[in-house]
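The structure under discussion appears below in the form of structure tokens.
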Amino acid sequence: MILARAGLRHHLRNPWQAALAILGVALGVAVVVAVELANASAERAFTRSAEALAGDATHRVTAGSAGLDEGLYAQLRRSGVRPATPVVEGYVDGPQGRPLRVLGVDPWAEAGVRDTVAGAAFRVDAADWLGSEAAAVLFEKDAQRLGIGAGDRLDVEVGGRGRSLVVAAVAEPADALTAEGLRDTVVVDIATAQELLGRVGRLDRIDLVVPDGAPGERMLARVAEHLPPEAEVQDAQDGAAALDEMTAAFRLNLTAFSLLALLVGALLIYNAISFSVVQRRPLLGRLRALGVGRGQLFRGVVAEGVLLGALGTVLGLPLGYALAEILLELVTRTITDLYFVLSVRDVTLAPSAVAMAAILGVVAAGGAAAAPAWEAASVAPRSALERASLEGRARRWVRWLALAGCGLAALGGLLLWGYGGGLVVGFAGVFALLAGAALVVPWAVYTLALVAAYPAGAVFGAPGRMAARGVAAGLSRSGVAGTALVIAVTAVIGVTVMIDSFRGSLATWLETTLSADVYVSAPSQAGDRPPALVPDLAERLGAVDGVEYVATARYLRVPSAYGEVRLRAFDHGPIGDRGMRYKDRTADAWERFEAGEAAFVTEPFAAHHKLATGDRIALRTPQGVHELPVAAVVYDYTTSEGAVFVGRAFYDDHWGDEAINSLAVHAATGVDREGLIDALRQAAGAEAAALRFRSDAEIRQLSLEVFDRTFAITRVLQLLATVVAAAGVFGALFALSLERTGEVAVLRALGLTPRQVGVLELARTGLLGGFAGLLAIPPGLALAGALTGVINQRAFGWSLQLSVDPAVLVQGVVLASGAALLAGLYPAYRAARIPPGEAMRDEG
Amino acid sequence: MKGRPSGPQPHRKDGYSTFRGGWWPCLCLLLGSLLLGSGCGGDHERQEAGEDSITVAEALSGEDAASGFARADGPRDFRFPADHGAHPDYRHEWWYVTGNLENADGRHFGFQITFFRFALLPQELIRDSAWGTRQLWMAHFAVTDTEGETFHHFERLARGALDLAGAQADPFRVWLEDWTLAAAPDTTGFEQLEADLAAEDVALQLRLEPRKPIVFQGERGYSRKGPEPGNASYYYSVPRLYAEGQIRLPEGEHAVRGNAWIDREWGSSTLAEDQVGWDWFSLQLDDGRELMFYHLRRADGSIDPRSKGGWVDVDGEHRVVTREDVELEVLDTWTSPDGKATYPSRWRLHYAEERLELEIEPTLADQELRDGFRYWEGAIRGQGTAAGESVSAVGYAELTGYAD
């Protein structure tokens, strides 16, 4: 009781520290909560929509993005396979620029599979449903959002062309979950969907409800009888799970970054508590003398930490919720850019995320308080009265800590580079590395400060030496502050170098692979299947003056042993393998590729599926499953999922259609780009309006924009960690200056002017910041190496060229000194105003 | 058939249609059932949909809605097998097979096979997608297990696209997915038919052979229902076919044989405002003669004078039976388990011209189809005298417009 009251009074008298500690935890918790909520919301939105779209379907017949011949469905139904229902779906640009999912169904086959969808369609008069080419049903939430109702027009854009649907009815899903899953979905007749999405004759899939046991086996056997070679029957959940898995690495990365913010937050708690312990040493000593046990003291101080942590957590949760709104937008956009169209509107309060963050906040705070608590409990009743004993012990301890830190960092290095292991092991290595660095910092600061005292003394005289030695003398405080700063700056350096390296690798890759002058494609929703071009377009564009060759590419997803894989078929003609960047290849790789005898895989694909040159890969084609040797692994940064490349010859042999998704126009040297694009447009004729003509420079620009957008979230998290660290530095410095009140008074009494005192204080904090900046460079570089070489490789499979811009390192030092100076301003101002006499009296 | 709506409440206004007699409201009813979601949705949805469907019913009742469709506006020269196939420009059309069967032990089964075609729009649609069609098909399949006291009934819908459902004349075939009624191999028309239907654990395979020539109902197959010339349908029947085949029921399979009846009808006409329902009977006497007649019930409880039927002699000679020719007295009623409909369930019939006296009853009381829309269609049997001679009969009855 007496302990609690003493603690409370202390914090009431020194509200700044408590507030900063709380703020630190609050920010840390907020970041963790925000990331968790954003992740959980994105995943939930994905799951809900997958569930609502699957309805009661247990299986689906698919053949990748090329889809199925619609006749297959009729065949299945005529042979008694039911419930089976055909689906044609795709995305269009909705009225507010948001993607709308167009779900094309046959309502008379929907019942028993997707009752909500069937119910929605049946709200429309059957004659209108079948008779209109534009009838669509919206769900209530979307109708409200778009501000339209039954009878209104719904203008959408498909592949660059405007189309109008008519809202024939507004439906209300049967339950909230379905409503959530069917958000941004418009239900149309399957005929309308085929026409709207350019899928006439094709189905995207056939959903089946397969009963358990023997009847189910019979049904699947009957399906198998009719199945064309390119199609396969998939467990409905497997498809969704595979998609979900694709984003798992991305989400894990975010979680790791959020934990980094929490780590910095925990350091702040440590900082605040240990400082409060130092300040109360006389009190604690007296308490000990009065017979308070060590255990009691320990528990009391830990309880303080937990209390601060709890308060911070309480503040952090709503803050995190607000932050999650921003992050969610970024997460959604990144998933759409990189993986598939995802529409998430709201942050859903996931209890598990909140609980996790709360536990982390409180536990981190309690853990951070443990060391100072132990320190408080271990003071002898009398020595508690002496500050010098503490600093003396601190100096002894830092060596051991530094040694332990080296060990930990080495362990981290081993985890990262020693063995293989997964992404989680990689992150464990990163954290070990950071924790190791954190432990070394106090010793490094001390040593640096002592070393710096000589040059500082030589240049600035006694005050300079005093500033440097002051940093060393206040080690118990400055060590912690420095550590928080070092960790934050390490993160800044590491992440910045990683992003720069990544961007640099991408830019280099774009430079070497974008070998054509103009690229032609039809616009599509990011993440959706790209629309096909008219088959003779390549020929027409090839006839344009100054065009050397028009290379073509076909993009599709095909089923394979690895799930649905991205397949790209290239016709490069005389261009050859210009534009391919090989990581590894066999001698005659390109010749075999062109002849359709071998495939290339992209680096991430090879990484995910543990493939290397010489391995074989099986693809499902309309001619049956076909195995191809992998002749090369190529660099490719367009998809972290990876892709398989084949020559057009292989595609023509197995698919036998003329579909093309993009053209690369290679011009003769010296042809004017603008003039060429005009000429190409002319040659494209009526189709030109629905085509995009982009120069290589434009593509490069756009790719880098997508890249920057993708990493926006990382930058946001990095910024947050820095803010948390700056708050920590401020708290530490403030504490330091408070503590040095007596010393300052002596200086004043010795004749230093308030201005000199102020400068001395600022110099001290500036030095601390500078040291932190310098000390952050080695772990920062190690972190950068870990992120680019290990984490990225394991998460996405990309190998990145590590490139360190010295400016980033300078920035780190400047950032650290700047943050420290900024944080030191008020304490310096305060120190300068200390009247000599009064401050000396306090010292008693 | 989980979650089926229990009845077509929205259509009280128009009354309840029958499928025979060429009347329109059955389509309204059908659309109602489509709107009702055919197997989905809660009460709320049903109610909401009901509001919509009234407008559909309104839109489709009356002469305006029929404009543009081909009309049955006078006698025609039937051509076979062409006319066994579909007549897509008429608004509705059906192929109706009912019959009474027995296994070797004399165990009785009734069956109903119906294919309905509905043209939703007067003009053929021209669309890129093969799924675009104005034709919607529905099929009903029911088996009555008299001894087992169970009635199995199934409903399916499909659009008339991609060969999911359709009818062709030569060789004759009508189908909805895997349910088919078709000319036997090496035949073209109705000389020998094969029916093959399976749903869940009930299946029926029959070979059907006409024992009587085709009978043209009404005026040489032109069956007038109202004062307007177009208010009519084309209607012919095969009043007796020998049926033989297999019935598979959940508890086992039965080799069966017996007699069947086929009705073919198409038109675009509408039902009069005051007509609420319809009682239709087909009877096959054991002396080789048949009687078909229908009563059109009006809202005031009276029988519309346009009600009629036909008598077929042993040699297939046919004559029209008018409303006044047949007396029908209801002796009993039966209420469906949920209390939502009460149907007549026993009758005394008197046809003076042939001195025919029959007491008729269902072989099983509950032969109500409670799918998307609700009506009673079931096997019946009769016992009595004809010209003083003892006679028995089997047949089918269809009772519509009784559900609330």
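Labels used: A, B, ... for chains in the order of the structure tokens, numbers from 1 for residues in each chain, and numbers from 1 for ligands as shown.
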
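Excluding segment 121-137 of chain B itself and same-chain residues fewer than 4 positions from it, the residues having an atom within 6 Å of it are Ala191 and Val200 of chain A; Gly68, Phe69, Phe116, Arg117, Leu157, Ala158, Arg159, Gly160 and Ala161 of chain B, counting only C-alpha atoms.
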
Could the residues of chain A within 7 Å of chain B, counting only C-alpha atoms, be given as a VMD selection string, please? chain A and resid 71 74 77 to 80 108 111 115 118 to 119 122 to 127 130 to 131 190 to 191 194 to 195 200 to 201

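Coordinates place atom CA of Leu423 of chain A at a distance of 5.5 Å from atom CA of Arg794 of chain A.
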
DSSP on the backbone, strand (DSSP E) only: what residues of segment 43-192 of chain A does that give? Format it as a short mmCIF file (atom, residue, chain, number, x, y, z; two decimals) with N, CA and C atoms, in the first residue's frame.
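Output below, filename selection.cif:
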data_model
loop_
_atom_site.label_atom_id
_atom_site.label_comp_id
_atom_site.auth_asym_id
_atom_site.auth_seq_id
_atom_site.Cartn_x
_atom_site.Cartn_y
_atom_site.Cartn_z
N HIS A 59 -17.32 -27.90 -54.63
CA HIS A 59 -16.30 -28.09 -55.65
C HIS A 59 -16.53 -27.11 -56.78
N ARG A 60 -15.49 -26.92 -57.56
CA ARG A 60 -15.66 -26.12 -58.76
C ARG A 60 -14.88 -26.74 -59.90
N VAL A 61 -15.47 -26.62 -61.07
CA VAL A 61 -14.75 -27.06 -62.27
C VAL A 61 -14.13 -25.81 -62.86
N THR A 62 -12.82 -25.81 -63.03
CA THR A 62 -12.16 -24.64 -63.59
C THR A 62 -11.13 -25.08 -64.62
N LEU A 68 -13.97 -22.26 -69.37
CA LEU A 68 -14.47 -23.52 -69.92
C LEU A 68 -15.39 -23.24 -71.09
N ASP A 69 -15.50 -24.19 -71.96
CA ASP A 69 -16.52 -24.08 -73.00
C ASP A 69 -17.88 -24.21 -72.32
N ALA A 84 -25.39 -28.04 -60.03
CA ALA A 84 -24.22 -27.52 -60.72
C ALA A 84 -24.67 -26.19 -61.30
N THR A 85 -23.83 -25.21 -61.21
CA THR A 85 -24.27 -23.91 -61.68
C THR A 85 -23.11 -23.18 -62.35
N PRO A 86 -23.40 -22.56 -63.50
CA PRO A 86 -22.34 -21.90 -64.26
C PRO A 86 -22.08 -20.48 -63.75
N VAL A 87 -20.86 -20.05 -63.82
CA VAL A 87 -20.53 -18.69 -63.38
C VAL A 87 -19.65 -18.01 -64.44
N VAL A 88 -20.02 -16.79 -64.77
CA VAL A 88 -19.15 -15.92 -65.56
C VAL A 88 -18.94 -14.68 -64.72
N GLU A 89 -17.71 -14.40 -64.37
CA GLU A 89 -17.52 -13.23 -63.53
C GLU A 89 -16.30 -12.44 -63.94
N GLY A 90 -16.31 -11.18 -63.54
CA GLY A 90 -15.20 -10.31 -63.86
C GLY A 90 -15.41 -8.97 -63.18
N TYR A 91 -14.50 -8.08 -63.44
CA TYR A 91 -14.61 -6.78 -62.79
C TYR A 91 -14.79 -5.67 -63.81
N VAL A 92 -15.57 -4.70 -63.42
CA VAL A 92 -15.72 -3.50 -64.24
C VAL A 92 -15.47 -2.30 -63.32
N ASP A 93 -15.23 -1.17 -63.92
CA ASP A 93 -15.08 0.03 -63.11
C ASP A 93 -16.46 0.58 -62.82
N PRO A 99 -13.85 -0.80 -58.21
CA PRO A 99 -14.16 -1.97 -59.03
C PRO A 99 -15.46 -2.63 -58.57
N LEU A 100 -16.27 -3.03 -59.52
CA LEU A 100 -17.49 -3.76 -59.22
C LEU A 100 -17.31 -5.17 -59.75
N ARG A 101 -17.68 -6.14 -58.94
CA ARG A 101 -17.61 -7.51 -59.41
C ARG A 101 -18.91 -7.81 -60.16
N VAL A 102 -18.80 -8.25 -61.39
CA VAL A 102 -19.97 -8.64 -62.15
C VAL A 102 -20.10 -10.15 -62.02
N LEU A 103 -21.20 -10.58 -61.42
CA LEU A 103 -21.42 -12.01 -61.22
C LEU A 103 -22.53 -12.45 -62.16
N GLY A 104 -22.16 -13.18 -63.18
CA GLY A 104 -23.14 -13.64 -64.16
C GLY A 104 -23.58 -15.05 -63.83
N VAL A 105 -24.89 -15.22 -63.61
CA VAL A 105 -25.39 -16.53 -63.18
C VAL A 105 -26.63 -16.91 -63.97
N ALA A 135 -30.10 -5.90 -67.67
CA ALA A 135 -30.70 -5.98 -66.33
C ALA A 135 -29.66 -6.42 -65.31
N ALA A 136 -29.64 -5.74 -64.19
CA ALA A 136 -28.68 -6.06 -63.14
C ALA A 136 -29.36 -5.90 -61.79
N VAL A 137 -28.93 -6.70 -60.84
CA VAL A 137 -29.45 -6.56 -59.48
C VAL A 137 -28.32 -6.10 -58.58
N LEU A 138 -28.59 -5.05 -57.86
CA LEU A 138 -27.62 -4.54 -56.89
C LEU A 138 -28.07 -4.97 -55.50
N PHE A 139 -27.12 -5.04 -54.60
CA PHE A 139 -27.51 -5.29 -53.22
C PHE A 139 -27.65 -3.94 -52.51
N ARG A 153 -30.03 3.85 -64.12
CA ARG A 153 -28.92 3.35 -64.93
C ARG A 153 -27.68 3.18 -64.08
N LEU A 154 -26.91 2.19 -64.40
CA LEU A 154 -25.65 1.95 -63.70
C LEU A 154 -24.56 1.97 -64.76
N ASP A 155 -23.82 3.07 -64.78
CA ASP A 155 -22.78 3.20 -65.81
C ASP A 155 -21.49 2.57 -65.33
N VAL A 156 -20.95 1.71 -66.15
CA VAL A 156 -19.69 1.05 -65.80
C VAL A 156 -18.73 1.16 -66.98
N GLU A 157 -17.50 0.88 -66.70
CA GLU A 157 -16.52 0.89 -67.77
C GLU A 157 -15.86 -0.49 -67.82
N VAL A 158 -15.83 -1.03 -69.01
CA VAL A 158 -15.22 -2.35 -69.19
C VAL A 158 -14.15 -2.24 -70.26
N ARG A 161 -14.14 0.82 -72.26
CA ARG A 161 -15.38 1.25 -72.92
C ARG A 161 -16.48 1.43 -71.90
N GLY A 162 -17.28 2.44 -72.11
CA GLY A 162 -18.41 2.68 -71.22
C GLY A 162 -19.57 1.78 -71.59
N ARG A 163 -20.22 1.23 -70.59
CA ARG A 163 -21.42 0.41 -70.81
C ARG A 163 -22.46 0.82 -69.78
N SER A 164 -23.70 0.61 -70.12
CA SER A 164 -24.76 0.92 -69.18
C SER A 164 -25.55 -0.32 -68.82
N LEU A 165 -25.70 -0.52 -67.53
CA LEU A 165 -26.60 -1.55 -67.04
C LEU A 165 -27.83 -0.85 -66.49
N VAL A 166 -28.89 -1.60 -66.30
CA VAL A 166 -30.08 -1.03 -65.69
C VAL A 166 -30.35 -1.79 -64.40
N VAL A 167 -30.52 -1.05 -63.33
CA VAL A 167 -30.81 -1.69 -62.05
C VAL A 167 -32.25 -2.19 -62.10
N ALA A 168 -32.41 -3.48 -62.25
CA ALA A 168 -33.75 -4.04 -62.37
C ALA A 168 -34.37 -4.26 -61.00
N ALA A 169 -33.53 -4.43 -60.00
CA ALA A 169 -34.04 -4.62 -58.64
C ALA A 169 -32.90 -4.40 -57.67
N VAL A 170 -33.29 -4.08 -56.46
CA VAL A 170 -32.30 -3.98 -55.38
C VAL A 170 -32.64 -5.08 -54.39
N ALA A 171 -31.68 -5.90 -54.07
CA ALA A 171 -31.95 -7.06 -53.22
C ALA A 171 -31.25 -6.90 -51.88
N THR A 185 -20.80 -6.18 -55.49
CA THR A 185 -21.12 -7.21 -56.47
C THR A 185 -22.44 -6.85 -57.15
N VAL A 186 -22.47 -7.01 -58.46
CA VAL A 186 -23.71 -6.79 -59.17
C VAL A 186 -24.03 -8.10 -59.90
N VAL A 187 -25.27 -8.54 -59.71
CA VAL A 187 -25.67 -9.83 -60.27
C VAL A 187 -26.38 -9.59 -61.61
N VAL A 188 -25.91 -10.27 -62.63
CA VAL A 188 -26.55 -10.15 -63.94
C VAL A 188 -26.78 -11.56 -64.50
N ASP A 189 -27.57 -11.61 -65.56
CA ASP A 189 -27.77 -12.90 -66.21
C ASP A 189 -26.46 -13.33 -66.84
#

Using DSSP on the backbone, list every residue of segment 80-211 of chain A that comes out as helix (DSSP H, G or I), and give them as a VMD selection string. chain A and resid 107 to 110 115 to 121 126 to 131 140 to 146 176 to 181 190 to 196

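Take atom CA of Asp89 of chain B and atom CA of Gly226 of chain B: the distance between them is 20.7 Å.
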
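You will find atom CA of Leu319 of chain A at 12.1 Å from atom CA of Ala357 of chain A.
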
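Considering only C-alpha atoms, the residue among B:Leu206, B:Leu296, B:His254, B:Gln112 positioned nearest to Tyr396 of chain B is B:Gln112.
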
For Ala63 of chain A: contacts at 7 Å, only C-alpha atoms, fewer than 4 positions along chain excluded, given as a PDB file with N, CA and C atoms, in the first residue's frame:
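Below is the file part-v9.pdb, written as the result:
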ATOM      1  N   GLY A  67     -10.939 -20.254 -68.980  1.00  0.00           N
ATOM      2  CA  GLY A  67     -12.307 -20.663 -68.738  1.00  0.00           C
ATOM      3  C   GLY A  67     -12.665 -21.955 -69.462  1.00  0.00           C
ATOM      4  N   LEU A  68     -13.971 -22.263 -69.374  1.00  0.00           N
ATOM      5  CA  LEU A  68     -14.469 -23.522 -69.916  1.00  0.00           C
ATOM      6  C   LEU A  68     -15.394 -23.240 -71.086  1.00  0.00           C
ATOM      7  N   GLU A 230      -8.170 -29.627 -70.262  1.00  0.00           N
ATOM      8  CA  GLU A 230      -7.646 -28.416 -69.620  1.00  0.00           C
ATOM      9  C   GLU A 230      -8.351 -28.107 -68.302  1.00  0.00           C
ATOM     10  N   ALA A 231      -9.422 -28.838 -68.029  1.00  0.00           N
ATOM     11  CA  ALA A 231     -10.197 -28.503 -66.837  1.00  0.00           C
ATOM     12  C   ALA A 231      -9.885 -29.441 -65.693  1.00  0.00           C
ATOM     13  N   GLU A 232     -10.172 -28.969 -64.501  1.00  0.00           N
ATOM     14  CA  GLU A 232     -10.020 -29.840 -63.345  1.00  0.00           C
ATOM     15  C   GLU A 232     -11.080 -29.521 -62.311  1.00  0.00           C
ATOM     16  N   VAL A 558      -3.392 -21.048 -65.555  1.00  0.00           N
ATOM     17  CA  VAL A 558      -3.752 -22.426 -65.882  1.00  0.00           C
ATOM     18  C   VAL A 558      -3.559 -23.310 -64.659  1.00  0.00           C
ATOM     19  N   PRO A 559      -4.372 -24.342 -64.560  1.00  0.00           N
ATOM     20  CA  PRO A 559      -4.202 -25.267 -63.448  1.00  0.00           C
ATOM     21  C   PRO A 559      -2.889 -26.042 -63.622  1.00  0.00           C
TER      22      PRO A 559
END

Mind checking which residues fall within 10 Å of Gly563 of chain A, counting only C-alpha atoms, ignoring those fewer than 2 positions away in the same chain, and posting them as number ranges by chain? A: 64, 234, 238-239, 242-243, 557-561, 565-566, 619

Just want the 12 Å neighbourhood of Trp374 of chain A, counted on only C-alpha atoms, with same-chain residues fewer than 6 positions away dropped. Output as a count of residues only. 15

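Counting only C-alpha atoms and comparing A:Met498, A:Ala369, A:Val441, A:Ala649, the residue that lies closest to His572 of chain A is A:Ala649.
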
Shortest contact to Thr342 of chain B, candidates B:Gly288, B:Gly401, B:Gly301, B:Pro213, atoms counted only C-alpha atoms, goes to B:Gly401

Name the residues in contact with Tyr555 of chain A at a cut-off of 10 Å, using only C-alpha atoms, excluding same-chain residues fewer than 5 positions from it; report them as an NGL selection string. :A and (65-66 or 529-532 or 566-570 or 643 or 645 or 659-662)

Could you please take those selected residues and save C-alpha atoms as a compact mmCIF listing (two decimals), in the first residue's frame?
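Listing of out14.txt after writing:
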# COMPACT_ATOMS: atom_id res chain seq x y z
CA SER A 65 -8.38 -17.88 -66.75
CA ALA A 66 -9.17 -19.19 -70.23
CA ARG A 529 -7.90 -11.12 -66.16
CA PRO A 530 -6.56 -8.89 -68.95
CA PRO A 531 -8.87 -8.58 -71.93
CA ALA A 532 -7.89 -10.15 -75.22
CA ARG A 566 0.31 -17.55 -64.22
CA LEU A 567 1.34 -18.57 -67.68
CA ARG A 568 2.76 -16.16 -70.22
CA ALA A 569 3.24 -17.11 -73.83
CA PHE A 570 5.61 -14.95 -75.84
CA ALA A 643 4.99 -17.04 -63.46
CA PHE A 645 6.89 -18.45 -69.51
CA ALA A 659 -5.73 -14.93 -78.12
CA ILE A 660 -3.26 -12.16 -77.39
CA ASN A 661 -3.25 -9.83 -74.42
CA SER A 662 -0.46 -7.43 -75.14

Find the spatial neighbours of Asp300 of chain B, counting only C-alpha atoms, within a cut-off of 10 Å - ignore same-chain residues fewer than 4 positions away - and output them as a PyMOL selection string. chain B and resi 274-276

Kindly export the residues of the current selection with N, CA and C atoms, as a compact mmCIF listing (two decimals), in the first residue's frame.
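Generated output (result-v5.txt):
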# COMPACT_ATOMS: atom_id res chain seq x y z
N ASP B 274 -63.12 -13.75 -64.13
CA ASP B 274 -63.93 -14.36 -63.07
C ASP B 274 -63.60 -15.84 -62.86
N GLN B 275 -62.62 -16.34 -63.62
CA GLN B 275 -62.31 -17.75 -63.46
C GLN B 275 -61.23 -17.92 -62.38
N VAL B 276 -61.47 -18.82 -61.45
CA VAL B 276 -60.55 -18.95 -60.32
C VAL B 276 -59.79 -20.28 -60.30
